[in-house]
Amino acid sequence: MNTIRTIIIDDEPLARDLIRLYLKDYTSFQIIEECANGFEGLKAIQELKPDVIFLDIEMPKVTGLEMLELLDQPPVVIFTTAYQEHAIKAFDLNALDYLLKPFSKDRFKKAIDKIVTRIESKTVDPNIIKDFIKEPPLPHGTIDRIVVKTINSIKIIPASEIKYLEAQDDYVMIYTHEGKFLKQQTMKYFEHALDPAFFIRIHRSYLINVREILRIEPYEKSSYQVILKDNTTLPISRTGYSLLKEKLNF
């Protein structure tokens with residue numbers, strides 16, 4: 001079998017050590033780089049073009065999933081994760097390979113065998129990762145920033161800087177004090193991932209930061225609209241109006 005060029009991306013040194021130790025039993029796998037965070041991993045993948053990566057999901061700065069979003073052509077991925085079982089279902093549904101920490105040598109072998117079979121049979125589907133990224137497992141707790149790729153850089157947007165989000169098919173437009181940024185993810189994901197104390201789904205197409213509200217006023221018959229501090233006007237659905245009344249206590 002041809003050499004399988006491999007990168008390990010994990011912020012925990014012991015986790016990288018364990019993968020390196022287990023891989024010694026598989027001579028076809030060649031470790032070409034180890035990375036301690038998503039930024040290092042992104043650079044290494046772009047420069048070295050590995051066949052396979054072992055990728056931790058929860059890392060500081062940029063998570064494993066955020067890193068994958070920034071890649072045009074992600075390699076084959078074996079996720080290493082401490083996600084709970086209910087979140088793991090998302091990996092199973094998308095036929096993705098994962099190792100639930102802490103994993104045994106036998107469980108590691110199963111993941112390796114699956115990857116090798118896919119590579120040898122040339123049945124690796126590059127769209128699996130792209131489809132998975134659109135609506136990944138929900139994070140532990142809430143997110144405090146969103147990572148987006150612009151033409152020239154990677155932009156990290158603090159949640160506090162978001163004015164509102166607008167659904168656009170399989171994408172979400174994020175409006176901030178610096179401008180707007182498009183991200184390929186669902187509104188449903190952000191509705192659950194952003195802090196519900198500050199972000200409310202006021203409409204099928206809009207999720208707003210309540211700290212940006214200037215006023216709420218009637219609009220046509222039996223409907224309302226919200227005016228933001230920058231004078232942006234957005235429609236409010238009946239459900240959204242009920243949520244706003246509950247949250248803002250009016």
# chains A, B, ... in the order shown; residues from 1 in each chain; ligands from 1

call {"tool": "residues_around", "arguments": {"residues": "A:Arg16", "least_positions_apart": "3", "cutoff": "12 Å", "atoms": "only C-alpha atoms", "output": "list in words"}}
result
Ile7, Ile8, Ile9, Asp10, Asp11, Glu12, Pro13, Ile19, Arg20, Leu21, Tyr22, Leu23, Ile31, Glu33, Glu34, Cys35, Ala36, Asn37, Ile53, Phe54, Leu55, Asp56 and Thr80 of chain A

call {"tool": "residues_around", "arguments": {"residues": "A:Lys49", "least_positions_apart": "5", "cutoff": "10 Å", "atoms": "only C-alpha atoms", "output": "PDB file with C-alpha atoms, in the first residue's frame"}}
result
ATOM      1  CA  ARG A   5       0.757  10.990   4.880  1.00  0.00           C
ATOM      2  CA  THR A   6      -0.693  11.956   8.233  1.00  0.00           C
ATOM      3  CA  ILE A   7      -0.993  15.052  10.440  1.00  0.00           C
ATOM      4  CA  ILE A  32       4.529  14.371   8.576  1.00  0.00           C
ATOM      5  CA  LYS A  43      -1.174  26.079   7.744  1.00  0.00           C
ATOM      6  CA  ALA A  44       0.244  22.541   7.808  1.00  0.00           C
ATOM      7  CA  GLN A  73     -10.401  20.703  -0.005  1.00  0.00           C
ATOM      8  CA  PRO A  74     -10.271  19.041   3.434  1.00  0.00           C
ATOM      9  CA  PRO A  75      -8.388  15.724   3.669  1.00  0.00           C
TER      10      PRO A  75
END

call {"tool": "residues_around", "arguments": {"residues": "A:Val172", "least_positions_apart": "3", "cutoff": "12 Å", "atoms": "only C-alpha atoms", "output": "ChimeraX atom specification"}}
result
/A:134-135,146,148,164-169,175,180-191,205-207

call {"tool": "write_last_selection", "arguments": {"atoms": "C-alpha atoms", "output": "tab-separated table (two decimals), in the first residue's frame"}}
result
chain	number	residue	atom	x	y	z
A	134	LYS	CA	-23.11	22.98	7.63
A	135	GLU	CA	-24.70	21.72	10.83
A	146	ILE	CA	-17.53	33.00	15.22
A	148	VAL	CA	-15.09	33.24	9.15
A	164	TYR	CA	-27.87	40.24	13.88
A	165	LEU	CA	-27.73	37.19	11.62
A	166	GLU	CA	-29.74	36.61	8.46
A	167	ALA	CA	-30.52	33.19	6.95
A	168	GLN	CA	-29.58	32.85	3.27
A	169	ASP	CA	-30.31	29.29	2.14
A	175	TYR	CA	-23.85	41.61	10.45
A	180	LYS	CA	-21.04	41.72	7.12
A	181	PHE	CA	-19.58	38.24	6.73
A	182	LEU	CA	-20.99	35.14	5.03
A	183	LYS	CA	-20.65	31.74	6.68
A	184	GLN	CA	-21.79	28.34	5.42
A	185	GLN	CA	-23.80	27.15	8.38
A	186	THR	CA	-27.46	26.99	9.37
A	187	MET	CA	-29.45	29.48	11.39
A	188	LYS	CA	-30.63	26.56	13.53
A	189	TYR	CA	-27.06	25.94	14.64
A	190	PHE	CA	-26.50	29.54	15.73
A	191	GLU	CA	-29.91	29.71	17.41
A	205	SER	CA	-34.81	34.66	8.72
A	206	TYR	CA	-33.40	36.71	11.60
A	207	LEU	CA	-31.55	36.12	14.86

call {"tool": "closest_residue", "arguments": {"among": "A:Lys114, A:Lys130, A:His192, A:His203", "to": "A:Leu65", "atoms": "only C-alpha atoms"}}
result
A:Lys130

call {"tool": "select_by_dssp", "arguments": {"residues": "stretch 4-125 of chain A", "states": "helix (DSSP H, G or I)", "output": "JSON, numbers by chain"}}
result
{"A": [13, 14, 15, 16, 17, 18, 19, 20, 21, 22, 23, 38, 39, 40, 41, 42, 43, 44, 45, 46, 47, 48, 64, 65, 66, 67, 68, 69, 85, 86, 87, 88, 89, 90, 91, 92, 93, 105, 106, 107, 108, 109, 110, 111, 112, 113, 114, 115, 116, 117, 118, 119, 120, 121]}

call {"tool": "write_last_selection", "arguments": {"atoms": "N, CA and C atoms", "output": "compact mmCIF listing (two decimals), in the first residue's frame"}}
result
# COMPACT_ATOMS: atom_id res chain seq x y z
N PRO A 13 -0.78 17.51 24.51
CA PRO A 13 0.42 16.73 24.17
C PRO A 13 0.24 15.23 24.40
N LEU A 14 -0.43 14.86 25.50
CA LEU A 14 -0.61 13.43 25.80
C LEU A 14 -1.48 12.75 24.74
N ALA A 15 -2.44 13.47 24.22
CA ALA A 15 -3.30 12.91 23.17
C ALA A 15 -2.50 12.68 21.89
N ARG A 16 -1.63 13.64 21.56
CA ARG A 16 -0.78 13.46 20.38
C ARG A 16 0.18 12.30 20.59
N ASP A 17 0.70 12.19 21.79
CA ASP A 17 1.62 11.08 22.11
C ASP A 17 0.94 9.73 21.92
N LEU A 18 -0.32 9.64 22.36
CA LEU A 18 -1.04 8.37 22.28
C LEU A 18 -1.28 7.97 20.83
N ILE A 19 -1.69 8.92 20.02
CA ILE A 19 -1.93 8.63 18.60
C ILE A 19 -0.63 8.21 17.92
N ARG A 20 0.45 8.94 18.23
CA ARG A 20 1.75 8.61 17.65
C ARG A 20 2.16 7.19 18.05
N LEU A 21 1.93 6.83 19.33
CA LEU A 21 2.27 5.49 19.82
C LEU A 21 1.46 4.42 19.10
N TYR A 22 0.15 4.62 18.98
CA TYR A 22 -0.70 3.64 18.32
C TYR A 22 -0.37 3.49 16.84
N LEU A 23 0.02 4.58 16.20
CA LEU A 23 0.32 4.54 14.76
C LEU A 23 1.60 3.76 14.45
N GLY A 38 -5.64 24.92 15.89
CA GLY A 38 -6.24 24.97 14.57
C GLY A 38 -5.49 25.82 13.57
N PHE A 39 -4.89 26.91 14.05
CA PHE A 39 -4.13 27.77 13.15
C PHE A 39 -2.92 27.03 12.58
N GLU A 40 -2.19 26.32 13.46
CA GLU A 40 -1.05 25.53 13.01
C GLU A 40 -1.53 24.43 12.05
N GLY A 41 -2.65 23.80 12.41
CA GLY A 41 -3.18 22.73 11.57
C GLY A 41 -3.57 23.21 10.18
N LEU A 42 -4.22 24.37 10.13
CA LEU A 42 -4.63 24.94 8.84
C LEU A 42 -3.43 25.18 7.95
N LYS A 43 -2.39 25.79 8.51
CA LYS A 43 -1.17 26.08 7.74
C LYS A 43 -0.51 24.79 7.26
N ALA A 44 -0.42 23.81 8.15
CA ALA A 44 0.24 22.54 7.81
C ALA A 44 -0.51 21.81 6.69
N ILE A 45 -1.83 21.79 6.76
CA ILE A 45 -2.63 21.11 5.75
C ILE A 45 -2.47 21.79 4.40
N GLN A 46 -2.50 23.11 4.40
CA GLN A 46 -2.38 23.85 3.15
C GLN A 46 -1.01 23.66 2.51
N GLU A 47 0.02 23.55 3.34
CA GLU A 47 1.38 23.44 2.81
C GLU A 47 1.77 22.00 2.48
N LEU A 48 1.36 21.04 3.32
CA LEU A 48 1.85 19.67 3.20
C LEU A 48 0.88 18.73 2.50
N GLY A 64 -11.52 22.47 15.87
CA GLY A 64 -11.27 21.61 14.73
C GLY A 64 -12.29 21.80 13.62
N LEU A 65 -13.55 21.97 13.99
CA LEU A 65 -14.59 22.17 12.98
C LEU A 65 -14.43 23.51 12.27
N GLU A 66 -14.09 24.54 13.03
CA GLU A 66 -13.86 25.85 12.41
C GLU A 66 -12.68 25.80 11.45
N MET A 67 -11.66 25.05 11.81
CA MET A 67 -10.50 24.90 10.94
C MET A 67 -10.90 24.24 9.62
N LEU A 68 -11.73 23.20 9.70
CA LEU A 68 -12.16 22.51 8.48
C LEU A 68 -12.97 23.43 7.57
N GLU A 69 -13.76 24.32 8.16
CA GLU A 69 -14.54 25.26 7.36
C GLU A 69 -13.67 26.14 6.49
N GLU A 85 -22.33 11.37 24.06
CA GLU A 85 -22.90 10.40 23.13
C GLU A 85 -23.97 11.00 22.21
N HIS A 86 -24.80 11.91 22.73
CA HIS A 86 -25.87 12.44 21.89
C HIS A 86 -25.31 13.24 20.71
N ALA A 87 -24.17 13.89 20.93
CA ALA A 87 -23.55 14.66 19.85
C ALA A 87 -22.86 13.73 18.86
N ILE A 88 -22.38 12.61 19.36
CA ILE A 88 -21.69 11.64 18.50
C ILE A 88 -22.62 11.12 17.40
N LYS A 89 -23.93 11.15 17.63
CA LYS A 89 -24.87 10.69 16.61
C LYS A 89 -24.69 11.44 15.30
N ALA A 90 -24.30 12.71 15.39
CA ALA A 90 -24.10 13.51 14.18
C ALA A 90 -22.97 12.94 13.33
N PHE A 91 -21.94 12.41 13.99
CA PHE A 91 -20.84 11.79 13.26
C PHE A 91 -21.30 10.49 12.59
N ASP A 92 -22.07 9.71 13.32
CA ASP A 92 -22.57 8.44 12.78
C ASP A 92 -23.48 8.67 11.57
N LEU A 93 -24.35 9.65 11.68
CA LEU A 93 -25.30 9.92 10.60
C LEU A 93 -24.59 10.34 9.32
N LYS A 105 -6.79 0.93 22.27
CA LYS A 105 -6.04 0.52 21.09
C LYS A 105 -6.94 -0.23 20.11
N ASP A 106 -7.87 -1.04 20.64
CA ASP A 106 -8.80 -1.77 19.77
C ASP A 106 -9.72 -0.82 19.01
N ARG A 107 -10.21 0.21 19.71
CA ARG A 107 -11.09 1.18 19.05
C ARG A 107 -10.32 1.97 17.99
N PHE A 108 -9.06 2.26 18.29
CA PHE A 108 -8.19 2.95 17.34
C PHE A 108 -8.03 2.11 16.08
N LYS A 109 -7.84 0.80 16.25
CA LYS A 109 -7.66 -0.10 15.11
C LYS A 109 -8.89 -0.10 14.20
N LYS A 110 -10.08 -0.04 14.78
CA LYS A 110 -11.30 -0.02 13.97
C LYS A 110 -11.36 1.23 13.09
N ALA A 111 -10.97 2.35 13.66
CA ALA A 111 -10.97 3.60 12.89
C ALA A 111 -9.95 3.53 11.77
N ILE A 112 -8.78 2.99 12.07
CA ILE A 112 -7.72 2.87 11.06
C ILE A 112 -8.15 1.94 9.94
N ASP A 113 -8.72 0.80 10.31
CA ASP A 113 -9.17 -0.17 9.30
C ASP A 113 -10.20 0.45 8.36
N LYS A 114 -11.10 1.24 8.91
CA LYS A 114 -12.13 1.87 8.10
C LYS A 114 -11.52 2.86 7.11
N ILE A 115 -10.56 3.65 7.61
CA ILE A 115 -9.90 4.64 6.76
C ILE A 115 -9.11 3.96 5.65
N VAL A 116 -8.36 2.93 6.00
CA VAL A 116 -7.55 2.21 5.01
C VAL A 116 -8.45 1.61 3.92
N THR A 117 -9.57 1.02 4.33
CA THR A 117 -10.51 0.43 3.36
C THR A 117 -11.02 1.49 2.40
N ARG A 118 -11.36 2.65 2.93
CA ARG A 118 -11.87 3.73 2.08
C ARG A 118 -10.81 4.21 1.09
N ILE A 119 -9.61 4.37 1.60
CA ILE A 119 -8.54 4.87 0.73
C ILE A 119 -8.19 3.85 -0.35
N GLU A 120 -8.10 2.56 0.03
CA GLU A 120 -7.75 1.52 -0.94
C GLU A 120 -8.84 1.35 -2.00
N SER A 121 -10.09 1.49 -1.58
CA SER A 121 -11.20 1.30 -2.53
C SER A 121 -11.56 2.60 -3.25

call {"tool": "residues_around", "arguments": {"residues": "A:Phe29", "least_positions_apart": "2", "cutoff": "6 Å", "atoms": "only C-alpha atoms", "output": "ChimeraX atom specification"}}
result
/A:3-4,26-27

call {"tool": "select_by_dssp", "arguments": {"residues": "stretch 6-191 of chain A", "states": "strand (DSSP E)", "output": "ChimeraX atom specification"}}
result
/A:6-9,29-35,52-56,76-81,97-100,145-149,154-158,162-168,171-176,180-183

call {"tool": "closest_residue", "arguments": {"among": "A:Leu99, A:Leu194, A:Ile156, A:Leu214", "to": "A:Thr142", "atoms": "only C-alpha atoms"}}
result
A:Leu194
